[in-house]
>>> print(open('my_file03.txt').read())   # compact mmCIF, C-alpha atoms
# COMPACT_ATOMS: atom_id res chain seq x y z
CA ASN A 1 64.35 -17.45 -115.80
CA ARG A 2 66.89 -19.43 -117.76
CA GLU A 3 64.28 -22.12 -118.48
CA LEU A 4 62.67 -19.65 -120.87
CA ILE A 5 65.55 -20.23 -123.29
CA ASP A 6 64.38 -23.78 -124.02
CA LEU A 7 60.73 -22.69 -124.21
CA TYR A 8 61.66 -19.98 -126.68
CA LEU A 9 63.61 -22.46 -128.80
CA ARG A 10 60.61 -24.82 -128.91
CA TYR A 11 58.57 -21.90 -130.23
CA CYS A 12 61.26 -21.08 -132.81
CA GLU A 13 61.44 -24.70 -133.96
CA VAL A 14 57.69 -24.72 -134.61
CA ILE A 15 57.60 -21.53 -136.66
CA PHE A 16 60.88 -22.22 -138.47
CA ASN A 17 59.47 -25.53 -139.71
CA ARG A 18 55.99 -24.17 -140.35
CA TYR A 19 57.23 -21.30 -142.52
CA LYS A 20 60.56 -22.61 -143.79
CA GLY A 21 59.34 -22.49 -147.39
CA LYS A 22 57.68 -19.09 -147.10
CA VAL A 23 59.78 -16.86 -144.83
CA LYS A 24 63.44 -16.16 -145.54
CA TYR A 25 64.29 -13.34 -143.12
CA TRP A 26 63.90 -13.63 -139.36
CA VAL A 27 64.60 -11.40 -136.36
CA THR A 28 65.15 -13.11 -133.00
CA PHE A 29 64.11 -10.30 -130.60
CA ASN A 30 62.50 -6.97 -131.39
CA GLU A 31 64.33 -3.92 -129.96
CA ILE A 32 66.22 -6.14 -127.55
CA ASN A 33 68.02 -3.15 -126.04
CA MET A 34 64.81 -1.41 -124.93
CA SER A 35 64.79 -3.43 -121.72
CA ILE A 36 67.88 -1.50 -120.65
CA LYS A 37 67.21 1.78 -122.49
CA ALA A 38 63.67 2.30 -121.20
CA GLY A 39 64.33 0.76 -117.83
CA PRO A 40 62.91 -2.29 -116.09
CA LYS A 41 59.97 -0.48 -114.51
CA THR A 42 58.80 0.92 -117.85
CA MET A 43 59.14 -2.40 -119.66
CA GLY A 44 57.50 -4.40 -116.86
CA VAL A 45 60.43 -6.82 -116.71
CA ILE A 46 61.48 -6.43 -113.08
CA ASP A 47 60.04 -4.49 -110.15
CA GLU A 48 62.30 -1.50 -109.56
CA GLY A 49 61.99 -2.02 -105.82
CA GLN A 50 63.70 -5.40 -105.94
CA GLU A 51 67.20 -5.67 -104.57
CA ASN A 52 69.86 -5.80 -107.30
CA TYR A 53 67.20 -5.20 -109.93
CA GLU A 54 69.78 -3.81 -112.39
CA GLU A 55 71.85 -6.97 -112.10
CA MET A 56 68.71 -9.06 -112.62
CA LEU A 57 67.89 -7.02 -115.70
CA PHE A 58 71.25 -7.74 -117.34
CA GLN A 59 71.00 -11.37 -116.28
CA ALA A 60 67.69 -11.59 -118.15
CA LEU A 61 69.31 -9.87 -121.13
CA HIS A 62 72.10 -12.46 -121.11
CA HIS A 63 69.46 -15.18 -121.30
CA GLN A 64 68.02 -13.41 -124.35
CA PHE A 65 71.47 -13.30 -125.96
CA VAL A 66 71.93 -17.04 -125.44
CA ALA A 67 68.42 -17.73 -126.74
CA SER A 68 69.06 -15.59 -129.81
CA ALA A 69 72.37 -17.30 -130.58
CA LYS A 70 70.80 -20.75 -130.21
CA ALA A 71 67.88 -19.68 -132.43
CA VAL A 72 70.31 -18.59 -135.15
CA GLN A 73 72.00 -21.99 -135.11
CA LEU A 74 68.66 -23.80 -134.99
CA GLY A 75 67.27 -21.79 -137.91
CA HIS A 76 70.33 -22.43 -140.06
CA SER A 77 70.08 -26.17 -139.34
CA ILE A 78 66.42 -26.25 -140.43
CA ASN A 79 66.99 -24.18 -143.57
CA PRO A 80 70.51 -23.08 -144.57
CA ASP A 81 68.94 -20.35 -146.71
CA PHE A 82 67.47 -18.61 -143.67
CA LYS A 83 68.89 -15.17 -142.89
CA ILE A 84 68.51 -14.39 -139.20
CA GLY A 85 69.13 -10.96 -137.74
CA CYS A 86 69.02 -8.82 -134.62
CA MET A 87 66.85 -5.72 -134.06
CA ILE A 88 68.05 -2.68 -132.13
CA ALA A 89 66.21 0.49 -131.13
CA PHE A 90 68.83 2.95 -132.35
CA GLY A 91 68.93 6.49 -130.99
CA LYS A 92 71.85 8.52 -132.29
CA GLN A 93 73.41 10.71 -129.57
CA TYR A 94 75.07 13.99 -130.54
CA PRO A 95 77.35 15.92 -128.17
CA TYR A 96 75.57 19.20 -127.49
CA THR A 97 78.84 21.12 -127.81
CA CYS A 98 82.42 20.46 -128.86
CA ASN A 99 83.37 20.29 -125.18
CA PRO A 100 85.36 17.02 -124.92
CA ASP A 101 83.26 16.07 -121.89
CA ASP A 102 80.11 16.27 -124.02
CA VAL A 103 81.75 14.23 -126.78
CA LEU A 104 82.82 11.54 -124.31
CA LEU A 105 79.35 11.45 -122.71
CA ALA A 106 77.68 11.01 -126.12
CA GLN A 107 80.08 8.18 -126.97
CA GLN A 108 79.44 6.42 -123.66
CA LYS A 109 75.66 6.71 -124.04
CA GLU A 110 75.86 5.22 -127.53
CA GLU A 111 78.04 2.36 -126.34
CA PHE A 112 75.48 1.54 -123.65
CA SER A 113 72.18 2.06 -125.46
CA ASN A 114 73.02 1.41 -129.12
CA PHE A 115 75.98 -0.98 -129.26
CA LEU A 116 76.06 -3.16 -126.15
CA CYS A 117 73.47 -5.56 -127.56
CA GLY A 118 74.62 -5.30 -131.16
CA ASP A 119 78.18 -6.20 -130.22
CA VAL A 120 77.07 -9.43 -128.57
CA GLN A 121 74.68 -10.44 -131.35
CA VAL A 122 76.90 -9.43 -134.29
CA ARG A 123 80.42 -9.92 -132.94
CA GLY A 124 79.55 -12.77 -130.59
CA ALA A 125 81.09 -11.37 -127.41
CA TYR A 126 80.60 -8.74 -124.73
CA SER A 127 82.55 -5.58 -125.51
CA GLY A 128 85.21 -4.04 -123.32
CA PHE A 129 82.76 -1.25 -122.52
CA ALA A 130 80.16 -3.75 -121.30
CA LYS A 131 82.66 -5.58 -119.11
CA ARG A 132 83.82 -2.30 -117.59
CA PHE A 133 80.22 -1.18 -117.01
CA PHE A 134 79.41 -4.42 -115.22
CA LYS A 135 82.51 -4.12 -113.03
CA GLU A 136 81.91 -0.48 -112.13
CA ASN A 137 78.28 -1.19 -111.20
CA ASN A 138 78.92 -4.46 -109.32
CA ILE A 139 76.92 -6.46 -111.85
CA GLU A 140 77.82 -10.14 -111.98
CA ILE A 141 76.35 -12.10 -114.88
CA LYS A 142 75.89 -15.80 -114.08
CA MET A 143 76.92 -17.81 -117.11
CA GLU A 144 76.73 -21.53 -117.62
CA GLU A 145 79.60 -23.45 -119.15
CA GLY A 146 79.53 -23.01 -122.91
CA ASP A 147 77.58 -19.72 -122.94
CA LEU A 148 80.43 -17.70 -124.43
CA GLU A 149 80.96 -20.31 -127.13
CA ILE A 150 77.24 -20.26 -127.93
CA LEU A 151 77.34 -16.48 -128.35
CA LYS A 152 80.38 -16.76 -130.60
CA ASN A 153 78.83 -19.44 -132.81
CA GLY A 154 75.38 -17.88 -133.01
CA THR A 155 76.07 -14.48 -134.53
CA VAL A 156 73.42 -12.94 -136.76
CA ASP A 157 73.48 -12.66 -140.56
CA PHE A 158 72.19 -9.10 -140.75
CA TYR A 159 71.42 -6.09 -138.56
CA THR A 160 68.06 -4.35 -138.34
CA PHE A 161 67.09 -1.31 -136.36
CA SER A 162 64.36 1.22 -135.66
CA TYR A 163 65.06 4.89 -136.27
CA TYR A 164 62.82 7.83 -135.44
CA MET A 165 64.97 10.66 -134.08
CA THR A 166 68.29 11.79 -132.65
CA ASN A 167 69.13 13.34 -129.28
CA CYS A 168 71.76 15.66 -127.86
CA VAL A 169 73.57 15.08 -124.57
CA SER A 170 75.61 17.40 -122.40
CA THR A 171 77.32 17.57 -119.05
CA ASN A 172 75.63 20.97 -118.58
CA PRO A 173 72.46 20.43 -116.51
CA ASP A 174 70.91 23.73 -117.60
CA VAL A 175 70.40 22.96 -121.30
CA GLU A 176 66.76 22.85 -122.50
CA THR A 177 65.28 19.35 -122.76
CA THR A 178 62.71 17.88 -125.12
CA GLY A 179 60.28 15.10 -124.21
CA GLY A 180 58.75 12.15 -126.00
CA ASN A 181 57.52 8.59 -125.64
CA LEU A 182 60.14 6.75 -123.53
CA SER A 183 62.70 9.37 -124.52
CA MET A 184 64.13 12.51 -123.01
CA GLY A 185 67.04 14.40 -124.55
CA LEU A 186 68.34 17.90 -125.04
CA LYS A 187 66.75 20.17 -127.61
CA ASN A 188 68.72 20.38 -130.86
CA PRO A 189 68.49 24.00 -132.11
CA TYR A 190 69.17 22.87 -135.71
CA LEU A 191 66.23 20.47 -136.01
CA GLU A 192 62.45 20.59 -136.12
CA ALA A 193 60.49 18.36 -133.76
CA SER A 194 57.34 16.26 -133.99
CA ASP A 195 54.24 16.86 -131.88
CA TRP A 196 55.74 14.40 -129.39
CA GLY A 197 58.97 16.35 -129.13
CA TRP A 198 60.96 13.81 -131.15
CA GLN A 199 63.51 15.68 -133.25
CA ILE A 200 63.22 15.05 -136.99
CA ASP A 201 66.65 14.23 -138.42
CA PRO A 202 66.81 12.51 -141.85
CA VAL A 203 70.56 13.18 -142.18
CA GLY A 204 70.99 11.46 -138.82
CA LEU A 205 69.69 8.28 -140.45
CA ARG A 206 72.50 8.43 -143.01
CA THR A 207 74.97 9.02 -140.20
CA THR A 208 73.53 6.05 -138.31
CA LEU A 209 73.71 3.74 -141.32
CA ASN A 210 77.37 4.61 -141.82
CA GLU A 211 78.18 4.20 -138.15
CA ILE A 212 76.56 0.75 -137.94
CA TYR A 213 78.02 -0.50 -141.23
CA ASN A 214 81.53 0.72 -140.42
CA ARG A 215 81.35 -1.11 -137.08
CA TYR A 216 79.85 -4.42 -138.19
CA GLN A 217 80.22 -4.75 -141.99
CA ILE A 218 77.06 -6.85 -142.43
CA PRO A 219 73.85 -6.07 -144.37
CA MET A 220 71.23 -3.86 -142.71
CA MET A 221 67.52 -3.18 -142.77
CA VAL A 222 65.66 -0.15 -141.41
CA VAL A 223 62.58 -1.93 -140.05
CA GLU A 224 60.88 0.90 -138.17
CA ASN A 225 60.70 4.54 -139.21
CA GLY A 226 57.80 6.94 -139.04
CA LEU A 227 56.21 10.06 -137.59
CA GLY A 228 53.76 10.30 -134.73
CA ALA A 229 51.56 13.38 -134.98
CA VAL A 230 48.27 14.90 -133.83
CA ASP A 231 46.33 14.17 -137.02
CA THR A 232 43.12 15.93 -138.00
CA VAL A 233 40.44 13.69 -139.48
CA GLU A 234 38.44 15.52 -142.15
CA GLU A 235 34.66 15.17 -142.57
CA ASP A 236 35.16 12.62 -145.35
CA GLY A 237 37.45 10.52 -143.13
CA SER A 238 40.68 11.52 -144.86
CA ILE A 239 43.82 12.81 -143.18
CA ASN A 240 45.96 15.37 -145.00
CA ASP A 241 49.31 14.33 -143.54
CA ASP A 242 51.77 15.92 -145.95
CA TYR A 243 54.10 16.30 -142.95
CA ARG A 244 54.26 12.50 -142.59
CA ILE A 245 54.79 12.00 -146.31
CA ASN A 246 57.63 14.53 -146.22
CA TYR A 247 59.16 12.82 -143.19
CA LEU A 248 59.22 9.43 -144.93
CA ARG A 249 60.43 10.87 -148.24
CA LYS A 250 63.36 12.70 -146.65
CA HIS A 251 64.46 9.64 -144.67
CA ILE A 252 64.23 7.35 -147.71
CA GLU A 253 66.26 9.88 -149.72
CA GLN A 254 69.03 9.69 -147.10
CA ILE A 255 69.01 5.87 -147.28
CA LYS A 256 69.47 6.17 -151.04
CA ILE A 257 72.45 8.49 -150.57
CA ALA A 258 73.97 6.14 -147.99
CA ILE A 259 73.68 3.23 -150.41
CA GLU A 260 74.84 4.96 -153.59
CA TYR A 261 77.40 7.43 -152.22
CA ASP A 262 78.63 5.92 -148.95
CA GLY A 263 78.50 2.29 -150.05
CA VAL A 264 76.54 0.90 -147.11
CA ASP A 265 74.68 -2.39 -147.65
CA VAL A 266 70.96 -1.84 -146.96
CA TRP A 267 68.62 -4.72 -147.83
CA GLY A 268 65.31 -3.12 -147.04
CA TYR A 269 63.16 -0.44 -145.46
CA THR A 270 59.79 -0.80 -143.75
CA PRO A 271 57.91 2.15 -142.20
CA TRP A 272 56.03 2.13 -138.90
CA GLY A 273 52.46 3.37 -139.24
>>> encode(input="my_file03.txt", output="structure tokens")
Amino acid sequence: NRELIDLYLRYCEVIFNRYKGKVKYWVTFNEINMSIKAGPKTMGVIDEGQENYEEMLFQALHHQFVASAKAVQLGHSINPDFKIGCMIAFGKQYPYTCNPDDVLLAQQKEEFSNFLCGDVQVRGAYSGFAKRFFKENNIEIKMEEGDLEILKNGTVDFYTFSYYMTNCVSTNPDVETTGGNLSMGLKNPYLEASDWGWQIDPVGLRTTLNEIYNRYQIPMMVVENGLGAVDTVEEDGSINDDYRINYLRKHIEQIKIAIEYDGVDVWGYTPWG
């Protein structure tokens, strides 16, 4: 409901003023793209049985974009030193083979799941891919007068994202799949996997950092990164999770390389426990 935009802004105004001398960095919506990546039924946003539920989903997402852009402007007016960012659940998609069809499919999946939201929040406009997707799927976004200007004037100061794994995609339906929480992709024969089936790919984080920075040229933070595992609790209550320590170490090492060698601008890193 579009009325939620004003309710959200009232909430933002309260916390911006309450913490304006204590908090410098803000994120408007956490993993905003998960409502389209995971699907409406999974996220509990819209009943899948409703008519035109996909259109309703993107309409709700548009309301979030407007709310985010207005929150950016509101935050800057309350404290010009505020830095306000977006947060994307980023899942790098590799083509399973060098078949051009696989390469194109991987690119299209990334445009939809990884960049559709980022483009609006960072660049301030819907991308050509998004407009084509809406047209091809008969999705009509209802916009009020001034919405596009609000998006343009409310772009974020920095980009944050969660990173846990990478996936492979292919036009071949017979390739082996791997499962995981809210995720299903093709098994990458070059990578190990977690107990959940999420493929462990530290180098993919470096690739992701470069891809995001080359596209947007604004500072970044990795705000979620970690390993889910079937941990064994010892008699003294300890957990010997060297595998988790190694996971974090290898990913942090790749961030360091991306900063020092590739020149990407990374402000911070926070793990997910």
>>> closest_residue(input="my_file03.txt", among="A:Phe58, A:Tyr19, A:Phe82, A:Tyr8", to="A:Asn138", atoms="all atoms listed in the file")
A:Phe58
>>> residues_around(input="my_file03.txt", residues="stretch 269-273 of chain A", least_positions_apart="2", cutoff="7 Å", atoms="only C-alpha atoms", output="ChimeraX atom specification")
/A:221-226
>>> residues_around(input="my_file03.txt", residues="A:Ile32", least_positions_apart="2", cutoff="8 Å", atoms="only C-alpha atoms", output="ChimeraX atom specification")
/A:29-30,34-35,87-89,117
>>> closest_residue(input="my_file03.txt", among="A:Ala69, A:Val266, A:Leu227, A:Leu61", to="A:Leu248", atoms="only C-alpha atoms")
A:Leu227
>>> closest_residue(input="my_file03.txt", among="A:Asn17, A:Thr207, A:Ser238, A:Thr28", to="A:Thr160", atoms="only C-alpha atoms")
A:Thr28
>>> atom_distance(input="my_file03.txt", atom1="atom CA of A:Gly237", atom2="atom CA of A:Asp195")
21.2 Å
>>> atom_distance(input="my_file03.txt", atom1="atom CA of A:Thr97", atom2="atom CA of A:Thr178")
16.7 Å
>>> residues_around(input="my_file03.txt", residues="A:Ser127", least_positions_apart="2", cutoff="10 Å", atoms="only C-alpha atoms", output="NGL selection string")
:A and (111 or 115-120 or 123-125 or 129-133)
>>> residues_around(input="my_file03.txt", residues="A:His76", least_positions_apart="3", cutoff="12 Å", atoms="only C-alpha atoms", output="ChimeraX atom specification")
/A:12-13,16-17,20,24-26,69-73,79-85,153-157
>>> closest_residue(input="my_file03.txt", among="A:Ile218, A:Leu105, A:Cys168, A:Leu209", to="A:Ile252", atoms="all atoms listed in the file")
A:Leu209
>>> atom_distance(input="my_file03.txt", atom1="atom CA of A:Ile36", atom2="atom CA of A:Gln107")
16.8 Å
>>> residues_near_point(input="my_file03.txt", point="(67.4, 24.2, -122.2)", cutoff="7 Å", atoms="all atoms listed in the file", output="number ranges by chain")
A: 174-177, 186-187
>>> residues_near_point(input="my_file03.txt", point="(74.9, -3.8, -145.4)", cutoff="7 Å", atoms="all atoms listed in the file", output="ChimeraX atom specification")
/A:213,217-220,264-267
>>> closest_residue(input="my_file03.txt", among="A:Arg10, A:His251, A:Arg244, A:His63", to="A:Arg206", atoms="all atoms listed in the file")
A:His251
>>> closest_residue(input="my_file03.txt", among="A:Leu57, A:Ile150, A:Val169, A:Met143", to="A:Asn188", atoms="all atoms listed in the file")
A:Val169
>>> residues_around(input="my_file03.txt", residues="A:Ser170", least_positions_apart="4", cutoff="7 Å", atoms="only C-alpha atoms", output="list in words")
Pro95, Tyr96 and Asp102 of chain A
>>> decode(input="my_file03.txt", residues="stretch 120-163 of chain A", atoms="N, CA and C atoms", output="PDB file, in the first residue's frame")
ATOM      1  N   VAL A 120      18.231   1.228  -9.661  1.00  0.00           N
ATOM      2  CA  VAL A 120      17.272   2.257  -9.256  1.00  0.00           C
ATOM      3  C   VAL A 120      17.813   3.057  -8.079  1.00  0.00           C
ATOM      4  N   GLN A 121      18.389   2.352  -7.092  1.00  0.00           N
ATOM      5  CA  GLN A 121      18.812   3.039  -5.873  1.00  0.00           C
ATOM      6  C   GLN A 121      20.136   3.799  -6.034  1.00  0.00           C
ATOM      7  N   VAL A 122      20.995   3.324  -6.924  1.00  0.00           N
ATOM      8  CA  VAL A 122      22.289   3.994  -7.120  1.00  0.00           C
ATOM      9  C   VAL A 122      22.233   4.972  -8.289  1.00  0.00           C
ATOM     10  N   ARG A 123      21.660   4.554  -9.394  1.00  0.00           N
ATOM     11  CA  ARG A 123      21.617   5.406 -10.586  1.00  0.00           C
ATOM     12  C   ARG A 123      20.394   6.307 -10.618  1.00  0.00           C
ATOM     13  N   GLY A 124      19.354   5.927  -9.877  1.00  0.00           N
ATOM     14  CA  GLY A 124      18.169   6.770  -9.792  1.00  0.00           C
ATOM     15  C   GLY A 124      17.164   6.583 -10.907  1.00  0.00           C
ATOM     16  N   ALA A 125      17.205   5.426 -11.586  1.00  0.00           N
ATOM     17  CA  ALA A 125      16.263   5.189 -12.679  1.00  0.00           C
ATOM     18  C   ALA A 125      16.178   3.690 -12.965  1.00  0.00           C
ATOM     19  N   TYR A 126      15.042   3.272 -13.491  1.00  0.00           N
ATOM     20  CA  TYR A 126      14.895   1.885 -13.935  1.00  0.00           C
ATOM     21  C   TYR A 126      15.761   1.662 -15.166  1.00  0.00           C
ATOM     22  N   SER A 127      16.434   0.522 -15.210  1.00  0.00           N
ATOM     23  CA  SER A 127      17.320   0.205 -16.327  1.00  0.00           C
ATOM     24  C   SER A 127      16.520  -0.199 -17.554  1.00  0.00           C
ATOM     25  N   GLY A 128      17.203  -0.242 -18.684  1.00  0.00           N
ATOM     26  CA  GLY A 128      16.581  -0.735 -19.906  1.00  0.00           C
ATOM     27  C   GLY A 128      16.135  -2.176 -19.765  1.00  0.00           C
ATOM     28  N   PHE A 129      16.915  -2.978 -19.046  1.00  0.00           N
ATOM     29  CA  PHE A 129      16.536  -4.374 -18.814  1.00  0.00           C
ATOM     30  C   PHE A 129      15.220  -4.441 -18.047  1.00  0.00           C
ATOM     31  N   ALA A 130      15.086  -3.633 -16.994  1.00  0.00           N
ATOM     32  CA  ALA A 130      13.875  -3.657 -16.185  1.00  0.00           C
ATOM     33  C   ALA A 130      12.660  -3.266 -17.018  1.00  0.00           C
ATOM     34  N   LYS A 131      12.801  -2.224 -17.821  1.00  0.00           N
ATOM     35  CA  LYS A 131      11.682  -1.769 -18.640  1.00  0.00           C
ATOM     36  C   LYS A 131      11.274  -2.849 -19.637  1.00  0.00           C
ATOM     37  N   ARG A 132      12.264  -3.523 -20.215  1.00  0.00           N
ATOM     38  CA  ARG A 132      11.952  -4.590 -21.163  1.00  0.00           C
ATOM     39  C   ARG A 132      11.275  -5.767 -20.454  1.00  0.00           C
ATOM     40  N   PHE A 133      11.773  -6.101 -19.254  1.00  0.00           N
ATOM     41  CA  PHE A 133      11.179  -7.190 -18.480  1.00  0.00           C
ATOM     42  C   PHE A 133       9.718  -6.895 -18.159  1.00  0.00           C
ATOM     43  N   PHE A 134       9.445  -5.661 -17.741  1.00  0.00           N
ATOM     44  CA  PHE A 134       8.065  -5.293 -17.431  1.00  0.00           C
ATOM     45  C   PHE A 134       7.184  -5.411 -18.670  1.00  0.00           C
ATOM     46  N   LYS A 135       7.684  -4.952 -19.806  1.00  0.00           N
ATOM     47  CA  LYS A 135       6.895  -4.986 -21.043  1.00  0.00           C
ATOM     48  C   LYS A 135       6.622  -6.414 -21.478  1.00  0.00           C
ATOM     49  N   GLU A 136       7.650  -7.259 -21.426  1.00  0.00           N
ATOM     50  CA  GLU A 136       7.502  -8.643 -21.878  1.00  0.00           C
ATOM     51  C   GLU A 136       6.572  -9.450 -20.977  1.00  0.00           C
ATOM     52  N   ASN A 137       6.466  -9.041 -19.706  1.00  0.00           N
ATOM     53  CA  ASN A 137       5.639  -9.792 -18.755  1.00  0.00           C
ATOM     54  C   ASN A 137       4.342  -9.061 -18.393  1.00  0.00           C
ATOM     55  N   ASN A 138       3.991  -8.063 -19.212  1.00  0.00           N
ATOM     56  CA  ASN A 138       2.730  -7.316 -19.034  1.00  0.00           C
ATOM     57  C   ASN A 138       2.598  -6.752 -17.624  1.00  0.00           C
ATOM     58  N   ILE A 139       3.699  -6.214 -17.108  1.00  0.00           N
ATOM     59  CA  ILE A 139       3.714  -5.606 -15.784  1.00  0.00           C
ATOM     60  C   ILE A 139       3.656  -4.088 -15.940  1.00  0.00           C
ATOM     61  N   GLU A 140       2.630  -3.492 -15.382  1.00  0.00           N
ATOM     62  CA  GLU A 140       2.472  -2.041 -15.463  1.00  0.00           C
ATOM     63  C   GLU A 140       2.614  -1.454 -14.067  1.00  0.00           C
ATOM     64  N   ILE A 141       3.662  -0.668 -13.864  1.00  0.00           N
ATOM     65  CA  ILE A 141       3.907  -0.042 -12.578  1.00  0.00           C
ATOM     66  C   ILE A 141       3.153   1.292 -12.526  1.00  0.00           C
ATOM     67  N   LYS A 142       2.277   1.436 -11.543  1.00  0.00           N
ATOM     68  CA  LYS A 142       1.549   2.697 -11.366  1.00  0.00           C
ATOM     69  C   LYS A 142       2.445   3.668 -10.610  1.00  0.00           C
ATOM     70  N   MET A 143       2.740   4.781 -11.260  1.00  0.00           N
ATOM     71  CA  MET A 143       3.590   5.797 -10.646  1.00  0.00           C
ATOM     72  C   MET A 143       2.813   7.093 -10.502  1.00  0.00           C
ATOM     73  N   GLU A 144       3.028   7.764  -9.397  1.00  0.00           N
ATOM     74  CA  GLU A 144       2.441   9.079  -9.217  1.00  0.00           C
ATOM     75  C   GLU A 144       3.356  10.130  -9.831  1.00  0.00           C
ATOM     76  N   GLU A 145       2.789  11.276 -10.116  1.00  0.00           N
ATOM     77  CA  GLU A 145       3.577  12.362 -10.685  1.00  0.00           C
ATOM     78  C   GLU A 145       4.716  12.736  -9.730  1.00  0.00           C
ATOM     79  N   GLY A 146       5.913  12.796 -10.259  1.00  0.00           N
ATOM     80  CA  GLY A 146       7.070  13.141  -9.451  1.00  0.00           C
ATOM     81  C   GLY A 146       7.875  11.950  -8.961  1.00  0.00           C
ATOM     82  N   ASP A 147       7.359  10.723  -9.142  1.00  0.00           N
ATOM     83  CA  ASP A 147       8.077   9.540  -8.657  1.00  0.00           C
ATOM     84  C   ASP A 147       9.460   9.412  -9.291  1.00  0.00           C
ATOM     85  N   LEU A 148       9.542   9.595 -10.590  1.00  0.00           N
ATOM     86  CA  LEU A 148      10.831   9.423 -11.278  1.00  0.00           C
ATOM     87  C   LEU A 148      11.841  10.474 -10.817  1.00  0.00           C
ATOM     88  N   GLU A 149      11.345  11.671 -10.550  1.00  0.00           N
ATOM     89  CA  GLU A 149      12.230  12.727 -10.051  1.00  0.00           C
ATOM     90  C   GLU A 149      12.703  12.406  -8.636  1.00  0.00           C
ATOM     91  N   ILE A 150      11.815  11.829  -7.834  1.00  0.00           N
ATOM     92  CA  ILE A 150      12.188  11.436  -6.469  1.00  0.00           C
ATOM     93  C   ILE A 150      13.294  10.385  -6.512  1.00  0.00           C
ATOM     94  N   LEU A 151      13.148   9.399  -7.391  1.00  0.00           N
ATOM     95  CA  LEU A 151      14.169   8.354  -7.517  1.00  0.00           C
ATOM     96  C   LEU A 151      15.506   8.956  -7.942  1.00  0.00           C
ATOM     97  N   LYS A 152      15.454   9.911  -8.856  1.00  0.00           N
ATOM     98  CA  LYS A 152      16.675  10.535  -9.368  1.00  0.00           C
ATOM     99  C   LYS A 152      17.383  11.364  -8.299  1.00  0.00           C
ATOM    100  N   ASN A 153      16.601  12.015  -7.448  1.00  0.00           N
ATOM    101  CA  ASN A 153      17.174  12.908  -6.439  1.00  0.00           C
ATOM    102  C   ASN A 153      17.478  12.213  -5.114  1.00  0.00           C
ATOM    103  N   GLY A 154      17.101  10.946  -5.003  1.00  0.00           N
ATOM    104  CA  GLY A 154      17.298  10.236  -3.742  1.00  0.00           C
ATOM    105  C   GLY A 154      18.225   9.049  -3.855  1.00  0.00           C
ATOM    106  N   THR A 155      19.271   9.187  -4.664  1.00  0.00           N
ATOM    107  CA  THR A 155      20.213   8.078  -4.825  1.00  0.00           C
ATOM    108  C   THR A 155      21.086   7.924  -3.576  1.00  0.00           C
ATOM    109  N   VAL A 156      21.549   6.702  -3.358  1.00  0.00           N
ATOM    110  CA  VAL A 156      22.285   6.381  -2.139  1.00  0.00           C
ATOM    111  C   VAL A 156      23.741   6.826  -2.227  1.00  0.00           C
ATOM    112  N   ASP A 157      24.374   6.936  -1.045  1.00  0.00           N
ATOM    113  CA  ASP A 157      25.771   7.363  -0.952  1.00  0.00           C
ATOM    114  C   ASP A 157      26.743   6.202  -1.076  1.00  0.00           C
ATOM    115  N   PHE A 158      26.293   5.019  -0.708  1.00  0.00           N
ATOM    116  CA  PHE A 158      27.170   3.847  -0.782  1.00  0.00           C
ATOM    117  C   PHE A 158      26.328   2.599  -1.015  1.00  0.00           C
ATOM    118  N   TYR A 159      27.004   1.512  -1.336  1.00  0.00           N
ATOM    119  CA  TYR A 159      26.343   0.259  -1.726  1.00  0.00           C
ATOM    120  C   TYR A 159      26.788  -0.842  -0.769  1.00  0.00           C
ATOM    121  N   THR A 160      25.831  -1.521  -0.152  1.00  0.00           N
ATOM    122  CA  THR A 160      26.186  -2.665   0.675  1.00  0.00           C
ATOM    123  C   THR A 160      25.502  -3.913   0.141  1.00  0.00           C
ATOM    124  N   PHE A 161      26.091  -5.051   0.460  1.00  0.00           N
ATOM    125  CA  PHE A 161      25.511  -6.293  -0.028  1.00  0.00           C
ATOM    126  C   PHE A 161      25.889  -7.473   0.866  1.00  0.00           C
ATOM    127  N   SER A 162      25.077  -8.522   0.773  1.00  0.00           N
ATOM    128  CA  SER A 162      25.394  -9.786   1.424  1.00  0.00           C
ATOM    129  C   SER A 162      26.004 -10.720   0.392  1.00  0.00           C
ATOM    130  N   TYR A 163      26.958 -11.537   0.849  1.00  0.00           N
ATOM    131  CA  TYR A 163      27.620 -12.471  -0.061  1.00  0.00           C
ATOM    132  C   TYR A 163      27.923 -13.753   0.702  1.00  0.00           C
TER     133      TYR A 163
END
